[in-house]
file input26.cif (mmCIF, C-alpha atoms)
data_data
#
loop_
_atom_site.label_atom_id
_atom_site.label_comp_id
_atom_site.auth_asym_id
_atom_site.auth_seq_id
_atom_site.Cartn_x
_atom_site.Cartn_y
_atom_site.Cartn_z
CA MET A 151 -14.38 -27.69 -19.88
CA VAL A 152 -13.01 -24.26 -20.76
CA ARG A 153 -9.40 -23.38 -21.57
CA VAL A 154 -8.08 -20.65 -19.29
CA ALA A 155 -4.88 -18.64 -18.95
CA ILE A 156 -3.59 -17.41 -15.60
CA ALA A 157 -0.62 -15.10 -14.97
CA LEU A 158 1.54 -15.75 -11.89
CA GLY A 159 3.68 -13.27 -10.03
CA SER A 160 5.51 -12.77 -6.75
CA ASN A 161 7.87 -10.11 -5.42
CA LEU A 162 7.90 -10.75 -1.66
CA GLY A 163 9.50 -13.56 0.30
CA ASP A 164 10.51 -16.81 -1.39
CA ARG A 165 9.19 -15.95 -4.83
CA ALA A 166 9.92 -19.36 -6.35
CA ALA A 167 8.22 -21.18 -3.46
CA HIS A 168 5.13 -18.99 -3.85
CA LEU A 169 4.91 -19.80 -7.57
CA ASP A 170 5.56 -23.51 -6.91
CA TYR A 171 2.71 -23.50 -4.40
CA ALA A 172 0.41 -21.81 -6.88
CA VAL A 173 1.16 -24.33 -9.64
CA SER A 174 0.61 -27.20 -7.22
CA ARG A 175 -2.77 -25.82 -6.11
CA LEU A 176 -3.81 -24.92 -9.67
CA SER A 177 -3.06 -28.47 -10.80
CA THR A 178 -5.87 -29.73 -8.55
CA PHE A 179 -8.57 -28.07 -10.67
CA LEU A 180 -6.87 -27.21 -13.97
CA PHE A 181 -6.42 -30.15 -16.32
CA SER A 182 -3.97 -30.54 -19.22
CA LEU A 183 -1.88 -27.95 -17.40
CA SER A 184 0.99 -26.23 -19.21
CA VAL A 185 3.43 -24.16 -17.16
CA SER A 186 5.82 -21.54 -18.52
CA ARG A 187 9.35 -21.00 -17.35
CA ARG A 188 9.87 -18.22 -14.80
CA HIS A 189 10.92 -14.70 -15.74
CA ASP A 190 12.64 -12.15 -13.47
CA THR A 191 11.06 -8.81 -14.25
CA GLU A 192 11.23 -5.23 -13.07
CA PRO A 193 8.08 -3.83 -11.42
CA VAL A 194 5.87 -1.89 -13.84
CA GLY A 195 3.64 0.97 -12.72
CA VAL A 196 3.85 0.19 -8.98
CA GLY A 197 6.69 2.40 -7.77
CA VAL A 198 9.91 1.17 -6.19
CA GLN A 199 9.55 -2.50 -5.26
CA PRO A 200 11.55 -5.74 -5.35
CA THR A 201 11.75 -7.49 -8.72
CA PHE A 202 9.06 -9.95 -9.68
CA LEU A 203 9.23 -13.59 -10.60
CA ASN A 204 6.52 -14.11 -13.23
CA GLY A 205 5.10 -16.99 -15.19
CA ALA A 206 1.88 -18.30 -16.64
CA VAL A 207 -0.21 -21.43 -16.79
CA VAL A 208 -2.83 -22.63 -19.23
CA GLY A 209 -5.27 -25.42 -18.51
CA GLU A 210 -8.85 -26.57 -18.72
CA THR A 211 -11.41 -26.20 -15.97
CA GLY A 212 -15.04 -26.84 -15.24
CA LEU A 213 -15.20 -23.95 -12.79
CA SER A 214 -17.27 -20.92 -13.73
CA PRO A 215 -15.40 -17.61 -14.17
CA ARG A 216 -16.59 -16.43 -10.75
CA GLU A 217 -15.64 -19.72 -9.05
CA LEU A 218 -12.22 -19.62 -10.66
CA PHE A 219 -11.65 -15.98 -9.72
CA GLU A 220 -12.62 -16.64 -6.08
CA THR A 221 -10.41 -19.74 -5.95
CA LEU A 222 -7.45 -17.72 -7.25
CA GLN A 223 -8.00 -15.14 -4.51
CA THR A 224 -8.17 -17.92 -1.89
CA ILE A 225 -4.81 -19.30 -3.09
CA GLU A 226 -3.30 -15.80 -2.88
CA ARG A 227 -4.52 -15.46 0.72
CA GLU A 228 -3.10 -18.90 1.58
CA ARG A 229 0.33 -17.48 0.72
CA GLY A 230 -0.18 -14.37 2.85
CA ARG A 231 -1.31 -11.95 0.13
CA GLU A 232 -2.39 -8.65 1.60
CA ARG A 233 -3.89 -5.69 -0.26
CA PRO A 234 -3.05 -2.58 1.81
CA PHE A 235 -3.26 -0.39 -1.33
CA PRO A 236 -3.45 -0.88 -5.11
CA GLY A 237 -0.15 -2.02 -6.56
CA ALA A 238 1.33 -3.09 -3.21
CA ALA A 239 4.12 -5.67 -3.26
CA ARG A 240 2.73 -9.18 -3.03
CA THR A 241 3.67 -12.68 -1.99
CA LEU A 242 1.50 -14.10 -4.76
CA ASP A 243 -0.54 -12.60 -7.57
CA LEU A 244 -2.80 -14.79 -9.72
CA ASP A 245 -4.56 -12.97 -12.57
CA LEU A 246 -7.26 -14.58 -14.67
CA VAL A 247 -6.11 -13.48 -18.13
CA LEU A 248 -8.40 -15.49 -20.43
CA TYR A 249 -11.47 -17.65 -19.87
CA GLY A 250 -12.14 -19.36 -23.18
CA ASN A 251 -13.47 -16.80 -25.62
CA GLN A 252 -15.64 -15.08 -23.02
CA VAL A 253 -15.65 -11.36 -22.39
CA ILE A 254 -16.71 -10.53 -18.82
CA ASN A 255 -17.13 -7.02 -17.46
CA GLU A 256 -18.26 -7.03 -13.84
CA ARG A 257 -17.32 -4.65 -11.05
CA ASP A 258 -14.56 -6.89 -9.67
CA LEU A 259 -14.00 -9.33 -12.55
CA ILE A 260 -12.88 -8.24 -16.01
CA VAL A 261 -11.83 -10.89 -18.52
CA PRO A 262 -9.73 -10.75 -20.60
CA HIS A 263 -7.53 -9.04 -18.06
CA PRO A 264 -7.69 -5.37 -19.06
CA ARG A 265 -3.92 -4.71 -19.13
CA PHE A 266 -2.47 -8.04 -20.27
CA ARG A 267 -1.90 -6.84 -23.86
CA GLN A 268 0.62 -4.24 -22.63
CA ARG A 269 2.42 -6.52 -20.17
CA ARG A 270 5.49 -8.32 -21.52
CA PHE A 271 5.70 -10.21 -18.22
CA VAL A 272 2.35 -11.84 -19.09
CA LEU A 273 2.64 -12.13 -22.87
CA GLU A 274 6.10 -13.71 -22.99
CA PRO A 275 5.32 -16.60 -20.61
CA LEU A 276 1.96 -17.17 -22.31
CA ALA A 277 3.60 -17.18 -25.75
CA GLU A 278 5.89 -20.01 -24.57
CA ILE A 279 3.03 -22.35 -23.70
CA ALA A 280 0.00 -21.17 -25.70
CA PRO A 281 1.02 -18.96 -28.64
CA ASP A 282 -2.18 -19.73 -30.55
CA LEU A 283 -4.62 -18.71 -27.82
CA ILE A 284 -6.85 -15.94 -29.13
CA ASP A 285 -7.71 -12.77 -27.29
CA PRO A 286 -11.48 -12.45 -27.84
CA VAL A 287 -11.31 -8.64 -27.78
CA SER A 288 -8.50 -7.93 -30.27
CA ARG A 289 -8.96 -11.27 -32.12
CA MET A 290 -5.15 -11.56 -32.10
CA THR A 291 -3.20 -14.60 -30.97
CA ILE A 292 -0.87 -14.43 -28.00
CA ARG A 293 2.00 -14.84 -30.49
CA GLU A 294 0.80 -11.79 -32.43
CA LEU A 295 0.31 -9.72 -29.27
CA ALA A 296 3.78 -10.65 -28.00
CA ALA A 297 5.34 -9.59 -31.33
CA VAL A 298 3.91 -6.05 -31.17
#
call {"tool": "encode", "arguments": {"input": "input26.cif", "output": "structure tokens"}}
result
Amino acid sequence: MVRVAIALGSNLGDRAAHLDYAVSRLSTFLFSLSVSRRHDTEPVGVGVQPTFLNGAVVGETGLSPRELFETLQTIERERGRERPFPGAARTLDLDLVLYGNQVINERDLIVPHPRFRQRRFVLEPLAEIAPDLIDPVSRMTIRELAAV
């Protein structure tokens, strides 16, 4: 089993229902699941859009990084996620932030998530539930990254 961190976000439709659905689905394959509170946040780097509802979960899984990534994309599609262009508003966004201490750099899968260190809307929810998780690239804890 590997400890993983996943960021949750929604800015279209019933944002809370989309996040509730995601947590319910994630609980079927993530064990010892911890769920942050939700945060209303302004869109960052995506132009004018509705505000986001963000959160994070941490749990343990036996899925490989690729299996987990593909499962997250399936859950997004189940909630009507479309990708008409990069940064488009979304019903549900599930980002694989950390997969144990692994560093993965593939064409469509980069872990740790390449921008999570600059995203308060990821760091703050993660710091609530897993402040001692370590970013394998910077070697800093989530608590330390959130304090920067």
call {"tool": "residues_around", "arguments": {"input": "input26.cif", "residues": "region 247-255 of chain A", "least_positions_apart": "3", "cutoff": "6 Å", "atoms": "all atoms listed in the file", "output": "PyMOL selection string"}}
result
chain A and resi 152-156+260-263+286
call {"tool": "residues_around", "arguments": {"input": "input26.cif", "residues": "Ser182 (chain A)", "least_positions_apart": "4", "cutoff": "12 Å", "atoms": "only C-alpha atoms", "output": "ChimeraX atom specification"}}
result
/A:151-155,176-178,207-211,279
call {"tool": "write_last_selection", "arguments": {"input": "input26.cif", "atoms": "C-alpha atoms", "output": "PDB file, in the coordinates of the input"}}
result
ATOM      1  CA  MET A 151     -14.380 -27.690 -19.880  1.00  0.00           C
ATOM      2  CA  VAL A 152     -13.010 -24.260 -20.760  1.00  0.00           C
ATOM      3  CA  ARG A 153      -9.400 -23.380 -21.570  1.00  0.00           C
ATOM      4  CA  VAL A 154      -8.080 -20.650 -19.290  1.00  0.00           C
ATOM      5  CA  ALA A 155      -4.880 -18.640 -18.950  1.00  0.00           C
ATOM      6  CA  LEU A 176      -3.810 -24.920  -9.670  1.00  0.00           C
ATOM      7  CA  SER A 177      -3.060 -28.470 -10.800  1.00  0.00           C
ATOM      8  CA  THR A 178      -5.870 -29.730  -8.550  1.00  0.00           C
ATOM      9  CA  VAL A 207      -0.210 -21.430 -16.790  1.00  0.00           C
ATOM     10  CA  VAL A 208      -2.830 -22.630 -19.230  1.00  0.00           C
ATOM     11  CA  GLY A 209      -5.270 -25.420 -18.510  1.00  0.00           C
ATOM     12  CA  GLU A 210      -8.850 -26.570 -18.720  1.00  0.00           C
ATOM     13  CA  THR A 211     -11.410 -26.200 -15.970  1.00  0.00           C
ATOM     14  CA  ILE A 279       3.030 -22.350 -23.700  1.00  0.00           C
TER      15      ILE A 279
END
call {"tool": "residues_around", "arguments": {"input": "input26.cif", "residues": "Arg175 (chain A)", "least_positions_apart": "4", "cutoff": "8 Å", "atoms": "all atoms listed in the file", "output": "PDB file with C-alpha atoms, in the coordinates of the input"}}
result
ATOM      1  CA  TYR A 171       2.710 -23.500  -4.400  1.00  0.00           C
ATOM      2  CA  PHE A 179      -8.570 -28.070 -10.670  1.00  0.00           C
ATOM      3  CA  ILE A 225      -4.810 -19.300  -3.090  1.00  0.00           C
TER       4      ILE A 225
END
call {"tool": "closest_residue", "arguments": {"input": "input26.cif", "among": "A:Leu169, A:Ala157, A:Val198, A:Leu162", "to": "Pro275 (chain A)", "atoms": "only C-alpha atoms"}}
result
A:Ala157
call {"tool": "residues_near_point", "arguments": {"input": "input26.cif", "point": "(5.3, 0.2, -15.6)", "cutoff": "12 Å", "atoms": "all atoms listed in the file", "output": "list in words"}}
result
Thr191, Glu192, Pro193, Val194, Gly195, Val196, Gly197, Val198, Gln199, Gly237, Arg265, Gln268, Arg269, Arg270 and Phe271 of chain A
call {"tool": "resolve_selection", "arguments": {"input": "input26.cif", "expression": "the PyMOL selection byres ((chain A and resi 292) around 8)", "output": "VMD selection string"}}
result
chain A and resid 273 276 to 277 280 to 285 290 to 291 293 to 296
call {"tool": "write_last_selection", "arguments": {"input": "input26.cif", "atoms": "C-alpha atoms", "output": "mmCIF file, keeping the file's coordinate frame"}}
result
data_model
loop_
_atom_site.group_PDB
_atom_site.id
_atom_site.type_symbol
_atom_site.label_atom_id
_atom_site.label_comp_id
_atom_site.auth_asym_id
_atom_site.auth_seq_id
_atom_site.Cartn_x
_atom_site.Cartn_y
_atom_site.Cartn_z
ATOM 1 C CA LEU A 273 2.640 -12.130 -22.870
ATOM 2 C CA LEU A 276 1.960 -17.170 -22.310
ATOM 3 C CA ALA A 277 3.600 -17.180 -25.750
ATOM 4 C CA ALA A 280 0.000 -21.170 -25.700
ATOM 5 C CA PRO A 281 1.020 -18.960 -28.640
ATOM 6 C CA ASP A 282 -2.180 -19.730 -30.550
ATOM 7 C CA LEU A 283 -4.620 -18.710 -27.820
ATOM 8 C CA ILE A 284 -6.850 -15.940 -29.130
ATOM 9 C CA ASP A 285 -7.710 -12.770 -27.290
ATOM 10 C CA MET A 290 -5.150 -11.560 -32.100
ATOM 11 C CA THR A 291 -3.200 -14.600 -30.970
ATOM 12 C CA ARG A 293 2.000 -14.840 -30.490
ATOM 13 C CA GLU A 294 0.800 -11.790 -32.430
ATOM 14 C CA LEU A 295 0.310 -9.720 -29.270
ATOM 15 C CA ALA A 296 3.780 -10.650 -28.000
#
call {"tool": "closest_residue", "arguments": {"input": "input26.cif", "among": "A:Val272, A:Ala206, A:Leu242, A:Leu180", "to": "Ala166 (chain A)", "atoms": "only C-alpha atoms"}}
result
A:Leu242
call {"tool": "closest_residue", "arguments": {"input": "input26.cif", "among": "A:Ser288, A:Thr241, A:Ser186, A:Gln223", "to": "Ser160 (chain A)", "atoms": "all atoms listed in the file"}}
result
A:Thr241
call {"tool": "atom_distance", "arguments": {"input": "input26.cif", "atom1": "CA of Gly230 (chain A)", "atom2": "CA of Phe202 (chain A)"}}
result
16.2 Å
call {"tool": "atom_distance", "arguments": {"input": "input26.cif", "atom1": "CA of Arg187 (chain A)", "atom2": "CA of Asn204 (chain A)"}}
result
8.5 Å
call {"tool": "atom_distance", "arguments": {"input": "input26.cif", "atom1": "CA of Glu220 (chain A)", "atom2": "CA of Leu244 (chain A)"}}
result
10.6 Å
call {"tool": "closest_residue", "arguments": {"input": "input26.cif", "among": "A:Pro200, A:Pro264, A:Gly205, A:Gly163", "to": "Arg231 (chain A)", "atoms": "only C-alpha atoms"}}
result
A:Gly163
call {"tool": "residues_around", "arguments": {"input": "input26.cif", "residues": "Phe219 (chain A)", "least_positions_apart": "6", "cutoff": "9 Å", "atoms": "all atoms listed in the file", "output": "list in words"}}
result
Leu244, Asp245, Leu246 and Leu259 of chain A
call {"tool": "build_atoms", "arguments": {"input": "input26.cif", "residues": "region 190-201 of chain A", "atoms": "all heavy atoms", "output": "PDB file, in the frame of the given file"}}
result
ATOM      1  N   ASP A 190      12.376 -13.255 -14.401  1.00  0.00           N
ATOM      2  CA  ASP A 190      12.640 -12.150 -13.470  1.00  0.00           C
ATOM      3  C   ASP A 190      12.317 -10.863 -14.191  1.00  0.00           C
ATOM      4  O   ASP A 190      12.817 -10.635 -15.300  1.00  0.00           O
ATOM      5  CB  ASP A 190      14.122 -12.132 -13.064  1.00  0.00           C
ATOM      6  CG  ASP A 190      14.369 -12.867 -11.774  1.00  0.00           C
ATOM      7  OD1 ASP A 190      13.690 -12.558 -10.775  1.00  0.00           O
ATOM      8  OD2 ASP A 190      15.236 -13.759 -11.774  1.00  0.00           O
ATOM      9  N   THR A 191      11.470 -10.040 -13.590  1.00  0.00           N
ATOM     10  CA  THR A 191      11.060  -8.810 -14.250  1.00  0.00           C
ATOM     11  C   THR A 191      11.068  -7.631 -13.282  1.00  0.00           C
ATOM     12  O   THR A 191      10.854  -7.793 -12.081  1.00  0.00           O
ATOM     13  CB  THR A 191       9.649  -8.940 -14.860  1.00  0.00           C
ATOM     14  OG1 THR A 191       8.709  -9.206 -13.818  1.00  0.00           O
ATOM     15  CG2 THR A 191       9.578 -10.064 -15.870  1.00  0.00           C
ATOM     16  N   GLU A 192      11.288  -6.464 -13.849  1.00  0.00           N
ATOM     17  CA  GLU A 192      11.230  -5.230 -13.070  1.00  0.00           C
ATOM     18  C   GLU A 192       9.770  -4.863 -12.825  1.00  0.00           C
ATOM     19  O   GLU A 192       8.914  -5.100 -13.694  1.00  0.00           O
ATOM     20  CB  GLU A 192      11.920  -4.090 -13.811  1.00  0.00           C
ATOM     21  CG  GLU A 192      13.425  -4.269 -13.948  1.00  0.00           C
ATOM     22  CD  GLU A 192      14.139  -4.303 -12.603  1.00  0.00           C
ATOM     23  OE1 GLU A 192      13.786  -3.516 -11.699  1.00  0.00           O
ATOM     24  OE2 GLU A 192      15.061  -5.132 -12.459  1.00  0.00           O
ATOM     25  N   PRO A 193       9.450  -4.285 -11.679  1.00  0.00           N
ATOM     26  CA  PRO A 193       8.080  -3.830 -11.420  1.00  0.00           C
ATOM     27  C   PRO A 193       7.664  -2.777 -12.450  1.00  0.00           C
ATOM     28  O   PRO A 193       8.477  -1.948 -12.855  1.00  0.00           O
ATOM     29  CB  PRO A 193       8.143  -3.220 -10.025  1.00  0.00           C
ATOM     30  CG  PRO A 193       9.415  -3.721  -9.428  1.00  0.00           C
ATOM     31  CD  PRO A 193      10.343  -4.021 -10.563  1.00  0.00           C
ATOM     32  N   VAL A 194       6.402  -2.829 -12.849  1.00  0.00           N
ATOM     33  CA  VAL A 194       5.870  -1.890 -13.840  1.00  0.00           C
ATOM     34  C   VAL A 194       4.675  -1.161 -13.238  1.00  0.00           C
ATOM     35  O   VAL A 194       3.695  -1.788 -12.838  1.00  0.00           O
ATOM     36  CB  VAL A 194       5.424  -2.634 -15.128  1.00  0.00           C
ATOM     37  CG1 VAL A 194       4.763  -1.671 -16.103  1.00  0.00           C
ATOM     38  CG2 VAL A 194       6.608  -3.337 -15.782  1.00  0.00           C
ATOM     39  N   GLY A 195       4.764   0.155 -13.147  1.00  0.00           N
ATOM     40  CA  GLY A 195       3.640   0.970 -12.720  1.00  0.00           C
ATOM     41  C   GLY A 195       3.262   0.861 -11.254  1.00  0.00           C
ATOM     42  O   GLY A 195       2.152   1.228 -10.879  1.00  0.00           O
ATOM     43  N   VAL A 196       4.183   0.358 -10.398  1.00  0.00           N
ATOM     44  CA  VAL A 196       3.850   0.190  -8.980  1.00  0.00           C
ATOM     45  C   VAL A 196       4.859   0.856  -8.057  1.00  0.00           C
ATOM     46  O   VAL A 196       4.878   0.587  -6.860  1.00  0.00           O
ATOM     47  CB  VAL A 196       3.700  -1.312  -8.613  1.00  0.00           C
ATOM     48  CG1 VAL A 196       2.496  -1.921  -9.287  1.00  0.00           C
ATOM     49  CG2 VAL A 196       4.961  -2.096  -8.932  1.00  0.00           C
ATOM     50  N   GLY A 197       5.698   1.727  -8.601  1.00  0.00           N
ATOM     51  CA  GLY A 197       6.690   2.400  -7.770  1.00  0.00           C
ATOM     52  C   GLY A 197       7.888   1.504  -7.508  1.00  0.00           C
ATOM     53  O   GLY A 197       8.090   0.488  -8.164  1.00  0.00           O
ATOM     54  N   VAL A 198       8.694   1.906  -6.520  1.00  0.00           N
ATOM     55  CA  VAL A 198       9.910   1.170  -6.190  1.00  0.00           C
ATOM     56  C   VAL A 198       9.529  -0.061  -5.362  1.00  0.00           C
ATOM     57  O   VAL A 198       8.938   0.056  -4.288  1.00  0.00           O
ATOM     58  CB  VAL A 198      10.889   2.069  -5.403  1.00  0.00           C
ATOM     59  CG1 VAL A 198      12.123   1.285  -4.986  1.00  0.00           C
ATOM     60  CG2 VAL A 198      11.264   3.289  -6.230  1.00  0.00           C
ATOM     61  N   GLN A 199       9.856  -1.226  -5.916  1.00  0.00           N
ATOM     62  CA  GLN A 199       9.550  -2.500  -5.260  1.00  0.00           C
ATOM     63  C   GLN A 199      10.609  -3.519  -5.653  1.00  0.00           C
ATOM     64  O   GLN A 199      11.329  -3.325  -6.631  1.00  0.00           O
ATOM     65  CB  GLN A 199       8.183  -3.030  -5.706  1.00  0.00           C
ATOM     66  CG  GLN A 199       7.007  -2.265  -5.193  1.00  0.00           C
ATOM     67  CD  GLN A 199       5.682  -2.965  -5.506  1.00  0.00           C
ATOM     68  OE1 GLN A 199       5.639  -4.130  -5.868  1.00  0.00           O
ATOM     69  NE2 GLN A 199       4.599  -2.234  -5.350  1.00  0.00           N
ATOM     70  N   PRO A 200      10.655  -4.645  -4.924  1.00  0.00           N
ATOM     71  CA  PRO A 200      11.550  -5.740  -5.350  1.00  0.00           C
ATOM     72  C   PRO A 200      11.125  -6.272  -6.720  1.00  0.00           C
ATOM     73  O   PRO A 200       9.971  -6.113  -7.126  1.00  0.00           O
ATOM     74  CB  PRO A 200      11.337  -6.802  -4.271  1.00  0.00           C
ATOM     75  CG  PRO A 200      10.702  -6.111  -3.118  1.00  0.00           C
ATOM     76  CD  PRO A 200       9.943  -4.946  -3.686  1.00  0.00           C
ATOM     77  N   THR A 201      12.064  -6.910  -7.409  1.00  0.00           N
ATOM     78  CA  THR A 201      11.750  -7.490  -8.720  1.00  0.00           C
ATOM     79  C   THR A 201      10.764  -8.646  -8.569  1.00  0.00           C
ATOM     80  O   THR A 201      10.660  -9.277  -7.518  1.00  0.00           O
ATOM     81  CB  THR A 201      13.024  -7.999  -9.427  1.00  0.00           C
ATOM     82  OG1 THR A 201      13.653  -8.963  -8.596  1.00  0.00           O
ATOM     83  CG2 THR A 201      13.963  -6.867  -9.747  1.00  0.00           C
TER      84      THR A 201
END
